[in-house]
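S.K.: input_33.cif (mmCIF, C-alpha atoms) pasted underneath:
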```cif
data_run
loop_
_atom_site.label_atom_id
_atom_site.label_comp_id
_atom_site.auth_asym_id
_atom_site.auth_seq_id
_atom_site.Cartn_x
_atom_site.Cartn_y
_atom_site.Cartn_z
CA MET A 558 134.52 234.52 2.45
CA LYS A 559 134.62 233.76 6.18
CA LYS A 560 135.30 230.17 7.19
CA TYR A 561 134.44 228.51 10.48
CA VAL A 562 134.77 225.08 12.05
CA LEU A 563 132.24 223.38 14.31
CA GLY A 564 133.04 220.15 16.14
CA PHE A 565 131.00 217.61 18.04
CA ALA A 566 133.23 215.42 20.23
CA PHE A 567 131.67 212.23 21.61
CA ASP A 568 133.07 209.55 23.90
CA LEU A 569 133.94 206.20 22.32
CA TYR A 570 130.53 204.71 23.17
CA LYS A 571 128.67 207.79 21.83
CA HIS A 572 126.92 208.29 25.17
CA ASN A 573 128.32 211.79 25.89
CA VAL A 574 129.08 214.92 23.88
CA VAL A 575 131.06 218.10 24.59
CA LEU A 576 129.12 221.35 24.14
CA ILE A 577 129.88 225.01 24.73
CA GLU A 578 127.48 227.65 26.06
CA LYS A 579 127.73 230.49 23.57
CA ASN A 580 128.18 234.14 24.61
CA ARG A 581 128.46 235.39 21.04
CA PRO A 582 127.29 236.11 18.47
CA ASP A 583 124.13 237.57 19.99
CA TRP A 584 121.82 235.20 18.13
CA GLN A 585 123.57 232.23 19.81
CA LYS A 586 123.94 233.76 23.28
CA GLY A 587 122.85 231.34 26.01
CA LEU A 588 122.55 228.39 23.62
CA TRP A 589 124.64 225.21 23.70
CA ASN A 590 126.56 224.30 20.55
CA GLY A 591 129.48 222.25 19.33
CA VAL A 592 132.97 223.67 19.88
CA GLY A 593 134.55 225.74 17.12
CA GLY A 594 135.42 229.11 15.73
CA LYS A 595 136.94 231.01 12.87
CA VAL A 596 139.51 229.47 10.52
CA GLU A 597 142.60 231.69 10.88
CA ASP A 598 145.40 232.46 8.41
CA ILE A 599 147.76 230.38 10.58
CA ASP A 600 145.67 227.23 10.05
CA TYR A 601 146.99 224.78 7.46
CA ASP A 602 143.43 223.66 6.70
CA GLU A 603 140.04 223.26 8.37
CA GLY A 604 141.15 220.11 10.23
CA PHE A 605 144.00 222.00 11.87
CA ALA A 606 141.61 224.85 12.68
CA MET A 607 139.30 222.35 14.37
CA CYS A 608 142.15 221.03 16.52
CA ARG A 609 143.31 224.55 17.44
CA GLU A 610 139.82 225.77 18.33
CA PHE A 611 139.03 222.64 20.36
CA GLU A 612 142.24 222.97 22.38
CA GLU A 613 141.73 226.72 22.92
CA GLU A 614 138.20 226.16 24.23
CA THR A 615 138.56 222.85 26.13
CA GLY A 616 142.26 222.43 26.95
CA VAL A 617 142.29 219.04 25.17
CA THR A 618 144.79 218.43 22.37
CA SER A 619 143.82 216.44 19.28
CA ILE A 620 145.17 215.73 15.82
CA PRO A 621 143.37 216.39 12.51
CA GLU A 622 143.00 212.66 11.83
CA THR A 623 140.83 212.43 14.97
CA TRP A 624 138.20 214.70 13.38
CA ASN A 625 135.89 213.49 10.61
CA HIS A 626 134.45 216.18 8.34
CA PHE A 627 130.78 215.33 7.76
CA ALA A 628 129.15 218.48 6.36
CA THR A 629 129.77 221.99 5.09
CA MET A 630 127.11 224.63 5.63
CA ARG A 631 127.15 227.66 3.34
CA PHE A 632 125.50 230.95 4.26
CA ASP A 633 124.88 233.97 2.08
CA THR A 634 122.77 235.87 4.59
CA ASP A 635 123.51 238.30 7.37
CA ILE A 636 123.11 235.66 10.10
CA MET A 637 126.83 234.91 9.68
CA GLY A 638 127.76 238.49 8.84
CA GLY A 639 127.92 237.83 5.11
CA VAL A 640 128.99 234.92 2.95
CA ALA A 641 130.46 232.14 5.11
CA GLU A 642 131.17 228.43 5.23
CA VAL A 643 131.00 226.28 8.37
CA TYR A 644 132.93 223.01 8.23
CA CYS A 645 131.31 220.48 10.58
CA PHE A 646 133.37 217.76 12.24
CA LYS A 647 132.81 214.88 14.66
CA CYS A 648 135.22 212.77 16.67
CA PHE A 649 135.04 209.90 19.14
CA SER A 650 137.44 209.87 22.08
CA ASP A 651 137.30 209.33 25.82
CA ALA A 652 139.61 212.37 26.11
CA ILE A 653 136.37 214.41 26.19
CA PHE A 654 136.21 213.65 29.93
CA ASN A 655 139.32 215.86 30.32
CA CYS A 656 137.59 218.88 28.76
CA LYS A 657 137.25 221.97 30.92
CA THR A 658 136.28 225.60 30.52
CA VAL A 659 139.40 227.48 29.38
CA GLU A 660 137.98 230.74 28.05
CA GLU A 661 134.83 232.70 28.97
CA GLU A 662 132.33 230.29 27.40
CA GLU A 663 131.43 227.30 29.60
CA ILE A 664 132.34 223.79 28.43
CA LYS A 665 130.26 220.86 29.61
CA VAL A 666 129.99 217.15 28.81
CA PHE A 667 126.34 216.18 28.30
CA ARG A 668 124.78 212.74 28.32
CA VAL A 669 123.29 212.07 24.87
CA GLY A 670 119.47 211.73 25.03
CA MET A 671 118.77 208.34 26.52
#
```
How does the structure come out when it is put into structure tokens?
M.R.:
Amino acid sequence: MKKYVLGFAFDLYKHNVVLIEKNRPDWQKGLWNGVGGKVEDIDYDEGFAMCREFEEETGVTSIPETWNHFATMRFDTDIMGGVAEVYCFKCFSDAIFNCKTVEEEEIKVFRVGM
């Protein structure tokens, strides 16, 4: 089974959130989403995977205790390429204002709908 992490990082006052403009998979291309990716064999657990993915995509380091797991989505359809689980996390830190685009997918801090 494939495992993924998906994180939503907010500032301490919950006024802003970090999102990534997806290039892949095709069904997400051009859409904004939380930051995340595949859980790798090198990851101790999903929390470590969340930290690794967030740093790879945004350049901001975090620790697993920063991230709060709030949901697990399970898929058994082809939308995820087969059976998969997506572990959803949230965190609250003003370090989000240090996030920048590191890889090919754009990172941006958005004001939360006020």
S.K.: Please, what distance in Å, to one decimal, runs between atom CA of A:Glu597 and atom CA of A:Ile653?
M.R.: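 We find that atom CA of A:Glu597 and atom CA of A:Ile653 lie 23.9 Å from each other.
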S.K.: Select, from A:Ala566, A:Val659, A:Cys648, A:Val666, the residue with the minimum atom-to-atom distance to A:Asn625, counting only C-alpha atoms.
M.R.: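 Checking each candidate against A:Asn625, we get A:Cys648 as the closest.
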S.K.: How big is the axis-aligned box around the listed atoms of stretch 621-632 of chain A once 5 Å is added on each side, and where is its centre? Give both in Å to one decimal, as JSON.
M.R.:
```
{"center_x": 134.4, "center_y": 221.7, "center_z": 9.2, "size_x": 27.9, "size_y": 28.5, "size_z": 21.6}
```
S.K.: Run the PyMOL selection byres ((chain A and resi 605) around 12) on the file and write out the hits as a PyMOL selection string.
M.R.: chain A and resi 561-562+564+593-604+606-612+618-626+644+646
S.K.: Hey, what's within 8 Å of A:Gly639 if we count only C-alpha atoms and toss same-chain stuff fewer than 6 positions away? As a PyMOL selection string, please?
M.R.: chain A and resi 558-559+632-633
S.K.: Which of these residues is nearest to A:Glu662, using all atoms listed in the file: A:Lys560, A:Gln585, A:Val574, A:Phe567?
M.R.: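 Among A:Lys560, A:Gln585, A:Val574, A:Phe567, it is A:Gln585 that comes nearest to A:Glu662.
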S.K.: Quick one: residues within 6 Å of A:Asn573, only C-alpha atoms counted, chain neighbours fewer than 4 positions away excluded, as a count of residues only?
M.R.: 5
S.K.: If I take atom CA of A:Gly616 and atom CA of A:Ala641, how far is one from the other in Å, to one decimal?
M.R.: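 Computing the Euclidean distance for atom CA of A:Gly616 and atom CA of A:Ala641 yields 26.7 Å.
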S.K.: Have stretch 611-640 of chain A completed to N, CA and C atoms, please, and pass it along as an mmCIF file, in the coordinates of the input.
M.R.:
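rebuild29.cif was written with the following content:
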```
data_model
loop_
_atom_site.group_PDB
_atom_site.id
_atom_site.type_symbol
_atom_site.label_atom_id
_atom_site.label_comp_id
_atom_site.auth_asym_id
_atom_site.auth_seq_id
_atom_site.Cartn_x
_atom_site.Cartn_y
_atom_site.Cartn_z
ATOM 1 N N PHE A 611 139.428 223.556 19.293
ATOM 2 C CA PHE A 611 139.030 222.640 20.360
ATOM 3 C C PHE A 611 139.980 222.762 21.544
ATOM 4 N N GLU A 612 141.273 222.835 21.281
ATOM 5 C CA GLU A 612 142.240 222.970 22.380
ATOM 6 C C GLU A 612 142.082 224.323 23.077
ATOM 7 N N GLU A 613 141.910 225.396 22.308
ATOM 8 C CA GLU A 613 141.730 226.720 22.920
ATOM 9 C C GLU A 613 140.519 226.756 23.846
ATOM 10 N N GLU A 614 139.450 226.100 23.464
ATOM 11 C CA GLU A 614 138.200 226.160 24.230
ATOM 12 C C GLU A 614 138.111 225.127 25.350
ATOM 13 N N THR A 615 138.743 223.952 25.170
ATOM 14 C CA THR A 615 138.560 222.850 26.130
ATOM 15 C C THR A 615 139.827 222.429 26.851
ATOM 16 N N GLY A 616 140.996 222.854 26.360
ATOM 17 C CA GLY A 616 142.260 222.430 26.950
ATOM 18 C C GLY A 616 142.714 221.046 26.511
ATOM 19 N N VAL A 617 141.963 220.398 25.616
ATOM 20 C CA VAL A 617 142.290 219.040 25.170
ATOM 21 C C VAL A 617 142.904 219.087 23.769
ATOM 22 N N THR A 618 144.069 218.476 23.636
ATOM 23 C CA THR A 618 144.790 218.430 22.370
ATOM 24 C C THR A 618 144.277 217.263 21.523
ATOM 25 N N SER A 619 144.208 217.502 20.216
ATOM 26 C CA SER A 619 143.820 216.440 19.280
ATOM 27 C C SER A 619 144.635 216.610 18.002
ATOM 28 N N ILE A 620 144.510 215.652 17.120
ATOM 29 C CA ILE A 620 145.170 215.730 15.820
ATOM 30 C C ILE A 620 144.095 215.720 14.731
ATOM 31 N N PRO A 621 144.396 216.300 13.565
ATOM 32 C CA PRO A 621 143.370 216.390 12.510
ATOM 33 C C PRO A 621 142.745 215.050 12.138
ATOM 34 N N GLU A 622 143.534 213.966 12.201
ATOM 35 C CA GLU A 622 143.000 212.660 11.830
ATOM 36 C C GLU A 622 141.910 212.180 12.796
ATOM 37 N N THR A 623 141.854 212.762 13.978
ATOM 38 C CA THR A 623 140.830 212.430 14.970
ATOM 39 C C THR A 623 139.455 212.921 14.513
ATOM 40 N N TRP A 624 139.442 214.016 13.752
ATOM 41 C CA TRP A 624 138.200 214.700 13.380
ATOM 42 C C TRP A 624 137.751 214.254 11.989
ATOM 43 N N ASN A 625 136.483 213.919 11.877
ATOM 44 C CA ASN A 625 135.890 213.490 10.610
ATOM 45 C C ASN A 625 134.960 214.586 10.098
ATOM 46 N N HIS A 626 135.295 215.160 8.954
ATOM 47 C CA HIS A 626 134.450 216.180 8.340
ATOM 48 C C HIS A 626 133.200 215.505 7.789
ATOM 49 N N PHE A 627 132.001 215.975 8.214
ATOM 50 C CA PHE A 627 130.780 215.330 7.760
ATOM 51 C C PHE A 627 129.823 216.254 7.024
ATOM 52 N N ALA A 628 130.049 217.561 7.068
ATOM 53 C CA ALA A 628 129.150 218.480 6.360
ATOM 54 C C ALA A 628 129.798 219.847 6.245
ATOM 55 N N THR A 629 129.398 220.584 5.227
ATOM 56 C CA THR A 629 129.770 221.990 5.090
ATOM 57 C C THR A 629 128.488 222.779 4.885
ATOM 58 N N MET A 630 128.267 223.747 5.760
ATOM 59 C CA MET A 630 127.110 224.630 5.630
ATOM 60 C C MET A 630 127.571 225.930 4.980
ATOM 61 N N ARG A 631 126.818 226.408 4.005
ATOM 62 C CA ARG A 631 127.150 227.660 3.340
ATOM 63 C C ARG A 631 126.032 228.664 3.590
ATOM 64 N N PHE A 632 126.438 229.878 3.952
ATOM 65 C CA PHE A 632 125.500 230.950 4.260
ATOM 66 C C PHE A 632 125.768 232.135 3.358
ATOM 67 N N ASP A 633 124.722 232.737 2.849
ATOM 68 C CA ASP A 633 124.880 233.970 2.080
ATOM 69 C C ASP A 633 123.974 235.054 2.647
ATOM 70 N N THR A 634 123.635 234.907 3.930
ATOM 71 C CA THR A 634 122.770 235.870 4.590
ATOM 72 C C THR A 634 123.522 236.565 5.712
ATOM 73 N N ASP A 635 122.881 237.525 6.314
ATOM 74 C CA ASP A 635 123.510 238.300 7.370
ATOM 75 C C ASP A 635 123.645 237.552 8.694
ATOM 76 N N ILE A 636 123.018 236.382 8.841
ATOM 77 C CA ILE A 636 123.110 235.660 10.100
ATOM 78 C C ILE A 636 124.574 235.365 10.456
ATOM 79 N N MET A 637 125.409 235.154 9.461
ATOM 80 C CA MET A 637 126.830 234.910 9.680
ATOM 81 C C MET A 637 127.670 236.143 9.350
ATOM 82 N N GLY A 638 127.030 237.267 9.151
ATOM 83 C CA GLY A 638 127.760 238.490 8.840
ATOM 84 C C GLY A 638 128.222 238.555 7.402
ATOM 85 N N GLY A 639 127.558 237.869 6.517
ATOM 86 C CA GLY A 639 127.920 237.830 5.110
ATOM 87 C C GLY A 639 128.136 236.399 4.649
ATOM 88 N N VAL A 640 128.759 236.249 3.508
ATOM 89 C CA VAL A 640 128.990 234.920 2.950
ATOM 90 C C VAL A 640 129.974 234.163 3.854
#
```
